[in-house]
file upload.txt (compact mmCIF, C-alpha atoms)
# COMPACT_ATOMS: atom_id res chain seq x y z
CA MET Z 1 7.67 5.54 -41.11
CA THR Z 2 4.82 7.97 -41.75
CA VAL Z 3 2.24 8.10 -38.97
CA SER Z 4 -1.45 7.88 -39.87
CA THR Z 5 -3.72 10.80 -38.95
CA ASP Z 6 -7.09 9.17 -39.60
CA TYR Z 7 -6.87 5.80 -37.84
CA THR Z 8 -9.85 4.53 -35.86
CA ALA Z 9 -10.02 3.26 -32.27
CA GLN Z 10 -10.46 -0.28 -33.62
CA GLU Z 11 -7.44 0.08 -35.88
CA ILE Z 12 -5.09 1.06 -33.06
CA ILE Z 13 -6.39 -1.91 -31.04
CA VAL Z 14 -5.62 -4.19 -34.00
CA VAL Z 15 -2.11 -2.77 -34.40
CA ALA Z 16 -1.41 -3.06 -30.67
CA GLY Z 17 -2.75 -6.63 -30.62
CA SER Z 18 -0.63 -7.64 -33.59
CA LYS Z 19 2.54 -6.30 -31.98
CA VAL Z 20 2.01 -8.41 -28.86
CA LEU Z 21 2.21 -11.54 -31.00
CA GLU Z 22 5.69 -12.93 -31.59
CA ASP Z 23 6.92 -14.80 -34.63
CA ASN Z 24 6.78 -18.62 -34.63
CA LYS Z 25 4.24 -18.76 -31.80
CA ILE Z 26 0.90 -20.61 -31.74
CA VAL Z 27 -2.12 -18.35 -31.22
CA PHE Z 28 -5.66 -19.58 -30.56
CA VAL Z 29 -7.72 -17.03 -32.49
CA GLY Z 30 -11.23 -15.89 -31.66
CA THR Z 31 -13.72 -14.23 -34.02
CA GLY Z 32 -13.44 -10.52 -34.76
CA LEU Z 33 -10.56 -8.17 -33.99
CA PRO Z 34 -8.27 -11.04 -32.84
CA MET Z 35 -8.50 -12.44 -36.38
CA VAL Z 36 -7.60 -9.07 -37.88
CA ALA Z 37 -4.68 -8.58 -35.47
CA SER Z 38 -3.32 -12.08 -36.10
CA LEU Z 39 -3.45 -11.70 -39.87
CA LEU Z 40 -1.79 -8.27 -39.65
CA ALA Z 41 0.99 -9.76 -37.51
CA SER Z 42 1.59 -12.52 -40.07
CA LEU Z 43 1.85 -9.92 -42.85
CA THR Z 44 4.32 -7.74 -40.97
CA HIS Z 45 6.68 -8.94 -38.24
CA ALA Z 46 5.46 -12.51 -37.58
CA PRO Z 47 5.32 -14.51 -40.84
CA GLY Z 48 5.79 -17.73 -38.89
CA LEU Z 49 2.78 -17.18 -36.62
CA ILE Z 50 0.67 -20.35 -36.38
CA PRO Z 51 -3.08 -19.65 -35.96
CA VAL Z 52 -5.44 -22.22 -34.46
CA PHE Z 53 -9.22 -21.92 -34.80
CA GLU Z 54 -11.87 -23.35 -32.50
CA ALA Z 55 -13.55 -25.38 -35.27
CA GLY Z 56 -10.32 -27.35 -35.66
CA ALA Z 57 -8.09 -25.76 -38.30
CA MET Z 58 -4.41 -25.77 -37.36
CA GLY Z 59 -1.88 -23.49 -39.03
CA PRO Z 60 -3.68 -22.20 -42.14
CA PRO Z 61 -1.71 -19.59 -44.15
CA LEU Z 62 -4.87 -17.46 -44.61
CA LYS Z 63 -3.79 -16.52 -48.13
CA HIS Z 64 -7.42 -16.31 -49.26
CA GLY Z 65 -8.37 -13.50 -46.93
CA LEU Z 66 -9.90 -12.87 -43.55
CA PRO Z 67 -12.24 -15.55 -42.13
CA ILE Z 68 -15.54 -14.22 -40.83
CA SER Z 69 -15.92 -16.99 -38.24
CA VAL Z 70 -13.86 -19.72 -36.62
CA GLY Z 71 -15.61 -22.22 -38.90
CA ASP Z 72 -15.12 -20.30 -42.16
CA SER Z 73 -13.73 -22.49 -44.97
CA LYS Z 74 -10.81 -20.04 -45.25
CA THR Z 75 -9.50 -21.32 -41.92
CA GLY Z 76 -9.14 -24.80 -43.41
CA THR Z 77 -7.61 -23.87 -46.76
CA GLY Z 78 -3.97 -24.91 -46.67
CA ALA Z 79 -4.12 -25.82 -42.97
CA SER Z 80 -1.60 -28.28 -41.58
CA TYR Z 81 -4.55 -30.38 -40.49
CA MET Z 82 -8.20 -30.19 -39.44
CA LYS Z 83 -9.42 -32.40 -36.63
CA GLY Z 84 -12.39 -30.62 -35.12
CA LEU Z 85 -13.24 -28.70 -31.98
CA ASN Z 86 -12.11 -31.38 -29.52
CA ALA Z 87 -8.66 -31.55 -31.09
CA ALA Z 88 -8.27 -27.76 -30.99
CA PHE Z 89 -9.00 -27.64 -27.27
CA GLU Z 90 -6.93 -30.74 -26.58
CA LEU Z 91 -3.99 -28.86 -28.08
CA THR Z 92 -4.45 -26.03 -25.57
CA GLN Z 93 -4.91 -28.43 -22.65
CA ARG Z 94 -1.62 -30.10 -23.55
CA GLY Z 95 0.14 -26.73 -23.38
CA PHE Z 96 0.64 -26.07 -27.09
CA ALA Z 97 -1.13 -22.70 -27.41
CA ASP Z 98 1.24 -19.85 -26.60
CA TYR Z 99 -1.46 -17.19 -26.80
CA GLY Z 100 -5.25 -17.02 -26.69
CA PHE Z 101 -7.08 -13.91 -27.90
CA ILE Z 102 -10.36 -13.29 -26.05
CA GLY Z 103 -12.77 -10.45 -25.36
CA GLY Z 104 -15.66 -9.65 -23.07
CA ALA Z 105 -18.23 -7.06 -22.07
CA GLU Z 106 -16.92 -6.58 -18.54
CA VAL Z 107 -13.52 -7.00 -16.86
CA ASP Z 108 -12.19 -6.70 -13.31
CA MET Z 109 -8.77 -5.79 -11.93
CA TYR Z 110 -7.56 -9.41 -12.11
CA GLY Z 111 -8.47 -9.90 -15.76
CA ASN Z 112 -11.58 -12.01 -15.17
CA LEU Z 113 -14.05 -11.47 -18.03
CA ASN Z 114 -17.83 -11.50 -18.25
CA SER Z 115 -19.55 -12.25 -21.55
CA THR Z 116 -22.65 -14.00 -20.13
CA MET Z 117 -25.05 -11.59 -18.41
CA MET Z 118 -25.48 -8.25 -16.67
CA GLY Z 119 -27.43 -8.25 -13.41
CA ASN Z 120 -27.32 -10.05 -10.07
CA PHE Z 121 -26.21 -13.67 -10.19
CA PRO Z 122 -27.77 -16.16 -9.52
CA GLU Z 123 -31.19 -14.62 -8.94
CA ASP Z 124 -31.26 -12.70 -12.24
CA TYR Z 125 -29.67 -15.39 -14.39
CA LYS Z 126 -32.90 -16.44 -16.14
CA LYS Z 127 -34.03 -12.85 -16.65
CA PRO Z 128 -30.90 -10.68 -16.63
CA LYS Z 129 -30.78 -6.96 -17.33
CA VAL Z 130 -28.73 -7.81 -20.44
CA ARG Z 131 -28.14 -11.23 -21.96
CA LEU Z 132 -24.67 -11.41 -23.55
CA PRO Z 133 -23.41 -13.90 -26.18
CA GLY Z 134 -21.87 -16.30 -23.66
CA SER Z 135 -18.58 -18.14 -23.47
CA GLY Z 136 -18.27 -20.09 -26.68
CA GLY Z 137 -14.74 -21.40 -26.31
CA ALA Z 138 -13.44 -18.38 -24.39
CA SER Z 139 -13.56 -19.99 -20.94
CA ASP Z 140 -11.57 -22.98 -22.19
CA MET Z 141 -9.03 -20.69 -23.84
CA ALA Z 142 -8.71 -18.61 -20.67
CA ALA Z 143 -8.13 -21.74 -18.60
CA SER Z 144 -5.67 -23.55 -20.85
CA CYS Z 145 -3.77 -21.22 -23.21
CA GLU Z 146 -0.31 -20.42 -21.90
CA ARG Z 147 -1.05 -16.68 -21.92
CA THR Z 148 -4.15 -14.73 -22.88
CA ILE Z 149 -4.51 -11.36 -24.55
CA LEU Z 150 -7.72 -9.55 -23.63
CA ILE Z 151 -9.58 -6.97 -25.72
CA VAL Z 152 -12.23 -4.82 -23.99
CA PRO Z 153 -13.58 -1.37 -25.04
CA HIS Z 154 -12.62 1.06 -22.29
CA ASP Z 155 -15.64 2.37 -20.37
CA LYS Z 156 -16.24 2.83 -16.64
CA LYS Z 157 -19.31 0.59 -16.89
CA LYS Z 158 -17.18 -2.22 -18.28
CA PHE Z 159 -14.26 -1.96 -15.83
CA ASN Z 160 -15.76 -3.03 -12.51
CA GLU Z 161 -14.38 -4.18 -9.17
CA LYS Z 162 -16.95 -6.99 -9.08
CA LEU Z 163 -18.31 -8.73 -12.18
CA SER Z 164 -21.93 -9.75 -12.66
CA TYR Z 165 -20.67 -13.16 -13.80
CA ILE Z 166 -17.23 -14.69 -14.42
CA THR Z 167 -17.33 -16.29 -17.86
CA SER Z 168 -13.60 -16.47 -18.63
CA PRO Z 169 -11.27 -16.80 -15.63
CA GLY Z 170 -8.32 -14.49 -15.35
CA HIS Z 171 -6.20 -14.39 -12.20
CA LEU Z 172 -9.35 -15.12 -10.13
CA ASP Z 173 -8.90 -13.30 -6.78
CA GLY Z 174 -5.21 -12.59 -7.39
CA SER Z 175 -4.05 -14.80 -4.53
CA PRO Z 176 -0.86 -16.87 -4.95
CA GLY Z 177 -1.48 -20.05 -6.93
CA ALA Z 178 -5.20 -19.29 -7.41
CA ARG Z 179 -5.32 -20.58 -10.98
CA GLU Z 180 -3.34 -23.72 -10.20
CA LYS Z 181 -5.59 -24.50 -7.22
CA ALA Z 182 -8.61 -24.16 -9.52
CA GLY Z 183 -7.12 -26.73 -11.91
CA MET Z 184 -6.10 -24.34 -14.69
CA GLN Z 185 -2.90 -24.79 -16.66
CA GLY Z 186 -2.15 -21.49 -18.37
CA GLN Z 187 -0.51 -18.50 -16.74
CA GLY Z 188 -3.56 -16.32 -17.31
CA PRO Z 189 -3.95 -12.81 -18.70
CA TYR Z 190 -0.74 -11.38 -20.14
CA ARG Z 191 -1.94 -8.16 -21.78
CA LEU Z 192 -5.18 -6.19 -21.92
CA ILE Z 193 -5.72 -3.91 -24.89
CA THR Z 194 -8.47 -1.30 -24.68
CA THR Z 195 -9.49 1.78 -26.65
CA LYS Z 196 -7.32 3.87 -24.31
CA GLY Z 197 -4.13 1.91 -23.67
CA ILE Z 198 -2.28 -1.29 -22.95
CA PHE Z 199 -2.07 -3.02 -19.58
CA ASP Z 200 -0.22 -5.93 -18.04
CA PHE Z 201 -0.88 -7.68 -14.73
CA GLU Z 202 1.59 -6.99 -11.93
CA GLU Z 203 3.53 -10.15 -11.11
CA LYS Z 204 2.97 -10.28 -7.35
CA THR Z 205 -0.59 -8.95 -6.93
CA LYS Z 206 -1.89 -9.99 -10.41
CA ARG Z 207 -3.67 -6.63 -10.59
CA MET Z 208 -4.22 -4.72 -13.80
CA ARG Z 209 -1.41 -2.24 -14.44
CA LEU Z 210 -1.21 0.50 -17.04
CA ILE Z 211 1.98 0.27 -19.11
CA GLN Z 212 1.20 2.31 -22.25
CA THR Z 213 -1.26 5.07 -23.11
CA PHE Z 214 -2.71 5.58 -26.56
CA PRO Z 215 -2.20 8.99 -28.21
CA GLY Z 216 -4.39 11.66 -26.59
CA GLU Z 217 -4.79 9.73 -23.32
CA THR Z 218 -3.12 10.25 -19.96
CA VAL Z 219 -2.84 8.20 -16.78
CA GLU Z 220 -5.50 10.46 -15.28
CA SER Z 221 -7.96 10.15 -18.17
CA ILE Z 222 -7.65 6.38 -18.19
CA GLN Z 223 -8.10 6.11 -14.43
CA ALA Z 224 -11.21 8.31 -14.68
CA ALA Z 225 -12.72 5.78 -17.12
CA THR Z 226 -12.00 2.81 -14.84
CA GLY Z 227 -14.26 1.57 -12.04
CA PHE Z 228 -11.41 0.55 -9.73
CA GLU Z 229 -7.93 1.75 -8.81
CA LEU Z 230 -5.38 0.94 -11.48
CA LEU Z 231 -1.77 0.15 -10.79
CA VAL Z 232 0.56 2.29 -12.89
CA ALA Z 233 3.95 1.11 -14.12
CA PRO Z 234 6.87 3.40 -13.21
CA ASN Z 235 7.85 3.82 -16.85
CA VAL Z 236 4.51 4.36 -18.63
CA SER Z 237 5.07 5.29 -22.27
CA GLU Z 238 2.88 6.37 -25.16
CA PHE Z 239 2.05 3.69 -27.71
CA PRO Z 240 2.87 5.08 -31.15
CA ALA Z 241 0.03 5.87 -33.51
CA PRO Z 242 -0.43 3.35 -36.36
CA THR Z 243 1.60 4.00 -39.46
CA VAL Z 244 0.07 4.79 -42.84
CA GLU Z 245 1.21 1.36 -44.05
CA GLU Z 246 -0.36 -0.48 -41.10
CA VAL Z 247 -3.67 1.28 -41.68
CA ARG Z 248 -3.46 0.55 -45.42
CA LEU Z 249 -2.89 -3.14 -44.75
CA ILE Z 250 -5.90 -3.30 -42.43
CA ARG Z 251 -8.21 -1.47 -44.83
CA GLU Z 252 -7.02 -2.82 -48.17
CA VAL Z 253 -5.54 -6.26 -47.47
CA VAL Z 254 -6.67 -7.70 -44.13
CA ASP Z 255 -10.28 -6.48 -43.82
CA PRO Z 256 -11.16 -4.65 -47.06
CA GLY Z 257 -14.86 -5.39 -46.63
CA GLY Z 258 -14.99 -3.87 -43.13
CA ALA Z 259 -16.29 -7.10 -41.61
CA PHE Z 260 -14.81 -6.31 -38.19
CA VAL Z 261 -13.01 -2.96 -38.47
CA LYS Z 262 -15.24 0.06 -38.98
CA ARG Z 263 -14.24 2.92 -41.24
CA VAL Z 264 -15.28 5.84 -39.02
CA ALA Z 265 -12.35 8.23 -38.50
CA LYS Z 266 -10.83 8.60 -35.04
call {"tool": "encode", "arguments": {"input": "upload.txt", "output": "structure tokens"}}
result
Amino acid sequence: MTVSTDYTAQEIIVVAGSKVLEDNKIVFVGTGLPMVASLLASLTHAPGLIPVFEAGAMGPPLKHGLPISVGDSKTGTGASYMKGLNAAFELTQRGFADYGFIGGAEVDMYGNLNSTMMGNFPEDYKKPKVRLPGSGGASDMAASCERTILIVPHDKKKFNEKLSYITSPGHLDGSPGAREKAGMQGQGPYRLITTKGIFDFEEKTKRMRLIQTFPGETVESIQAATGFELLVAPNVSEFPAPTVEEVRLIREVVDPGGAFVKRVAK
């Protein structure tokens, strides 16, 4: 297939996120790029993907276009059922969400996310350097979804050894059984997708590990933009650039209004 030459950083994140999702799986979808990636997956390789939205819609076909929030009426149109926020999170707590898509402003080597505040906790909590949007349902998703997919723009200021605040738990301190001891059900972060590459979390140490670089990036350039030492898989490969058709679908079918995906060239 023909490779695109004018894709954006957001578009390659969306394509990478969509390809992580498997057909006939249940995905708990957050607002923004996770919505775009999930809809793209359903239009390409995963027509049986079952989206769940925080406001309570289960399994909508999304034939009327991209929702702009988890409570958009489009999430309820044609849904299998709608039972509200409590029912959506009950589903995850009972182990029925295969994937959860979440993001944050800051991430550490174990996939813990911060979307609450920047500064010193607890002394700066009431007057932080930066007040972030907060958890919403992300902490619950991180604790209960079987596996989570993280999306974080890649910047040395965002990839830190110690977070200002842990909003959404990842693998905690990476110690054996840490999540189970803390009362969490899901397996934790499965993939991290950034503007530079794709990462998994090494099975024994639970540390972030580079597995694929985006076009134009190298192991060295990605490490230079990271505030801690990355693990590197022995068989790192280059993630292929989006195809012309994938970019067309994002721009013309999935998000034609540019609600979440900007149109600035790469």
call {"tool": "closest_residue", "arguments": {"input": "upload.txt", "among": "Z:Ala88, Z:Ala16, Z:Val247, Z:Ala225", "to": "Ser4 in chain Z", "atoms": "all atoms listed in the file"}}
result
Z:Val247
call {"tool": "closest_atom_pairs", "arguments": {"input": "upload.txt", "of": "range 75-151 of chain Z", "to": "range 33-49 of chain Z", "cutoff": "12 Å", "atoms": "all atoms listed in the file", "output": "CSV"}}
result
residue,atom,partner,partner_atom,distance
Z:Thr75,CA,Z:Met35,CA,10.5
Z:Ala97,CA,Z:Leu49,CA,11.4
Z:Asp98,CA,Z:Leu49,CA,10.5
Z:Tyr99,CA,Z:Leu49,CA,10.7
Z:Gly100,CA,Z:Pro34,CA,9.1
Z:Phe101,CA,Z:Pro34,CA,5.8
Z:Ile102,CA,Z:Pro34,CA,7.5
Z:Gly103,CA,Z:Pro34,CA,8.7
Z:Thr148,CA,Z:Pro34,CA,11.4
Z:Ile149,CA,Z:Pro34,CA,9.1
Z:Leu150,CA,Z:Pro34,CA,9.3
Z:Ile151,CA,Z:Pro34,CA,8.3
call {"tool": "atom_distance", "arguments": {"input": "upload.txt", "atom1": "CA of Lys83 in chain Z", "atom2": "CA of Thr31 in chain Z"}}
result
18.9 Å
call {"tool": "closest_residue", "arguments": {"input": "upload.txt", "among": "Z:Leu85, Z:Met208, Z:Leu192, Z:Val52", "to": "Gly136 in chain Z", "atoms": "only C-alpha atoms"}}
result
Z:Leu85
call {"tool": "closest_residue", "arguments": {"input": "upload.txt", "among": "Z:Leu132, Z:Gly95, Z:Ala57, Z:Arg209", "to": "Tyr81 in chain Z", "atoms": "only C-alpha atoms"}}
result
Z:Ala57
call {"tool": "residues_near_point", "arguments": {"input": "upload.txt", "point": "(-0.3, -0.2, -14.2)", "cutoff": "9 Å", "atoms": "all atoms listed in the file", "output": "number ranges by chain"}}
result
Z: 199-202, 207-212, 230-234, 236
call {"tool": "write_last_selection", "arguments": {"input": "upload.txt", "atoms": "C-alpha atoms", "output": "PDB file, in the frame of the given file"}}
result
ATOM      1  CA  PHE Z 199      -2.070  -3.020 -19.580  1.00  0.00           C
ATOM      2  CA  ASP Z 200      -0.220  -5.930 -18.040  1.00  0.00           C
ATOM      3  CA  PHE Z 201      -0.880  -7.680 -14.730  1.00  0.00           C
ATOM      4  CA  GLU Z 202       1.590  -6.990 -11.930  1.00  0.00           C
ATOM      5  CA  ARG Z 207      -3.670  -6.630 -10.590  1.00  0.00           C
ATOM      6  CA  MET Z 208      -4.220  -4.720 -13.800  1.00  0.00           C
ATOM      7  CA  ARG Z 209      -1.410  -2.240 -14.440  1.00  0.00           C
ATOM      8  CA  LEU Z 210      -1.210   0.500 -17.040  1.00  0.00           C
ATOM      9  CA  ILE Z 211       1.980   0.270 -19.110  1.00  0.00           C
ATOM     10  CA  GLN Z 212       1.200   2.310 -22.250  1.00  0.00           C
ATOM     11  CA  LEU Z 230      -5.380   0.940 -11.480  1.00  0.00           C
ATOM     12  CA  LEU Z 231      -1.770   0.150 -10.790  1.00  0.00           C
ATOM     13  CA  VAL Z 232       0.560   2.290 -12.890  1.00  0.00           C
ATOM     14  CA  ALA Z 233       3.950   1.110 -14.120  1.00  0.00           C
ATOM     15  CA  PRO Z 234       6.870   3.400 -13.210  1.00  0.00           C
ATOM     16  CA  VAL Z 236       4.510   4.360 -18.630  1.00  0.00           C
TER      17      VAL Z 236
END
call {"tool": "residues_near_point", "arguments": {"input": "upload.txt", "point": "(-7.6, -15.0, -54.8)", "cutoff": "12 Å", "atoms": "only C-alpha atoms", "output": "list of chain:residue names"}}
result
Z:Leu62, Z:Lys63, Z:His64, Z:Gly65, Z:Leu66, Z:Lys74, Z:Thr77, Z:Val253
call {"tool": "residues_around", "arguments": {"input": "upload.txt", "residues": "His171 in chain Z", "least_positions_apart": "6", "cutoff": "8 Å", "atoms": "all atoms listed in the file", "output": "PDB file with C-alpha atoms, in the coordinates of the input"}}
result
ATOM      1  CA  TYR Z 110      -7.560  -9.410 -12.110  1.00  0.00           C
ATOM      2  CA  GLY Z 111      -8.470  -9.900 -15.760  1.00  0.00           C
ATOM      3  CA  ASN Z 112     -11.580 -12.010 -15.170  1.00  0.00           C
ATOM      4  CA  ALA Z 178      -5.200 -19.290  -7.410  1.00  0.00           C
ATOM      5  CA  ARG Z 179      -5.320 -20.580 -10.980  1.00  0.00           C
ATOM      6  CA  GLY Z 188      -3.560 -16.320 -17.310  1.00  0.00           C
ATOM      7  CA  PRO Z 189      -3.950 -12.810 -18.700  1.00  0.00           C
ATOM      8  CA  LYS Z 206      -1.890  -9.990 -10.410  1.00  0.00           C
TER       9      LYS Z 206
END
call {"tool": "residues_around", "arguments": {"input": "upload.txt", "residues": "Glu11 in chain Z", "least_positions_apart": "5", "cutoff": "8 Å", "atoms": "all atoms listed in the file", "output": "ChimeraX atom specification"}}
result
/Z:242,247,250,261
call {"tool": "atom_distance", "arguments": {"input": "upload.txt", "atom1": "CA of Gln10 in chain Z", "atom2": "CA of Ala143 in chain Z"}}
result
26.3 Å
call {"tool": "atom_distance", "arguments": {"input": "upload.txt", "atom1": "CA of Ile26 in chain Z", "atom2": "CA of Ile50 in chain Z"}}
result
4.7 Å
call {"tool": "decode", "arguments": {"input": "upload.txt", "residues": "range 108-124 of chain Z", "atoms": "N, CA, C and O atoms", "output": "CSV table (one decimal), in the first residue's frame"}}
result
chain,number,residue,atom,x,y,z
Z,108,ASP,N,6.2,7.8,34.3
Z,108,ASP,CA,7.5,7.3,34.8
Z,108,ASP,C,7.8,5.9,34.1
Z,108,ASP,O,7.0,5.4,33.3
Z,109,MET,N,8.9,5.3,34.5
Z,109,MET,CA,9.4,4.1,33.8
Z,109,MET,C,8.5,2.9,34.1
Z,109,MET,O,8.6,1.9,33.4
Z,110,TYR,N,7.6,3.0,35.1
Z,110,TYR,CA,6.7,1.9,35.3
Z,110,TYR,C,5.3,2.1,34.8
Z,110,TYR,O,4.4,1.3,35.1
Z,111,GLY,N,5.1,3.2,34.0
Z,111,GLY,CA,3.8,3.4,33.4
Z,111,GLY,C,2.8,4.1,34.3
Z,111,GLY,O,1.6,4.1,34.0
Z,112,ASN,N,3.3,4.6,35.4
Z,112,ASN,CA,2.4,5.4,36.3
Z,112,ASN,C,2.2,6.8,35.6
Z,112,ASN,O,3.1,7.3,35.1
Z,113,LEU,N,1.0,7.3,35.6
Z,113,LEU,CA,0.6,8.6,34.9
Z,113,LEU,C,0.2,9.6,35.9
Z,113,LEU,O,-0.4,9.4,36.9
Z,114,ASN,N,0.6,10.9,35.6
Z,114,ASN,CA,0.1,12.0,36.3
Z,114,ASN,C,-0.7,12.9,35.4
Z,114,ASN,O,-0.3,13.3,34.3
Z,115,SER,N,-1.9,13.2,35.8
Z,115,SER,CA,-2.8,14.2,35.1
Z,115,SER,C,-3.5,15.1,36.1
Z,115,SER,O,-4.5,15.6,35.9
Z,116,THR,N,-2.8,15.3,37.3
Z,116,THR,CA,-3.4,16.1,38.4
Z,116,THR,C,-2.7,17.4,38.6
Z,116,THR,O,-3.4,18.5,38.6
Z,117,MET,N,-1.4,17.4,38.8
Z,117,MET,CA,-0.7,18.6,39.1
Z,117,MET,C,0.8,18.5,38.9
Z,117,MET,O,1.3,17.4,38.8
Z,118,MET,N,1.4,19.7,38.7
Z,118,MET,CA,2.9,19.7,38.6
Z,118,MET,C,3.4,20.5,39.8
Z,118,MET,O,2.9,21.6,40.0
Z,119,GLY,N,4.3,20.0,40.5
Z,119,GLY,CA,4.9,20.7,41.7
Z,119,GLY,C,5.2,19.7,42.8
Z,119,GLY,O,5.3,18.5,42.5
Z,120,ASN,N,5.4,20.1,44.0
Z,120,ASN,CA,5.7,19.2,45.1
Z,120,ASN,C,4.5,18.8,45.8
Z,120,ASN,O,3.7,19.7,46.3
Z,121,PHE,N,4.2,17.5,45.9
Z,121,PHE,CA,3.1,17.0,46.6
Z,121,PHE,C,3.5,16.5,48.0
Z,121,PHE,O,4.6,15.9,48.1
Z,122,PRO,N,2.8,16.8,49.1
Z,122,PRO,CA,1.5,17.4,49.2
Z,122,PRO,C,1.5,18.9,49.4
Z,122,PRO,O,0.5,19.6,49.3
Z,123,GLU,N,2.7,19.5,49.6
Z,123,GLU,CA,2.7,20.9,50.1
Z,123,GLU,C,2.2,21.9,49.0
Z,123,GLU,O,1.7,22.9,49.3
Z,124,ASP,N,2.4,21.5,47.7
Z,124,ASP,CA,2.0,22.4,46.6
Z,124,ASP,C,0.6,22.1,46.1
Z,124,ASP,O,0.2,22.6,45.1
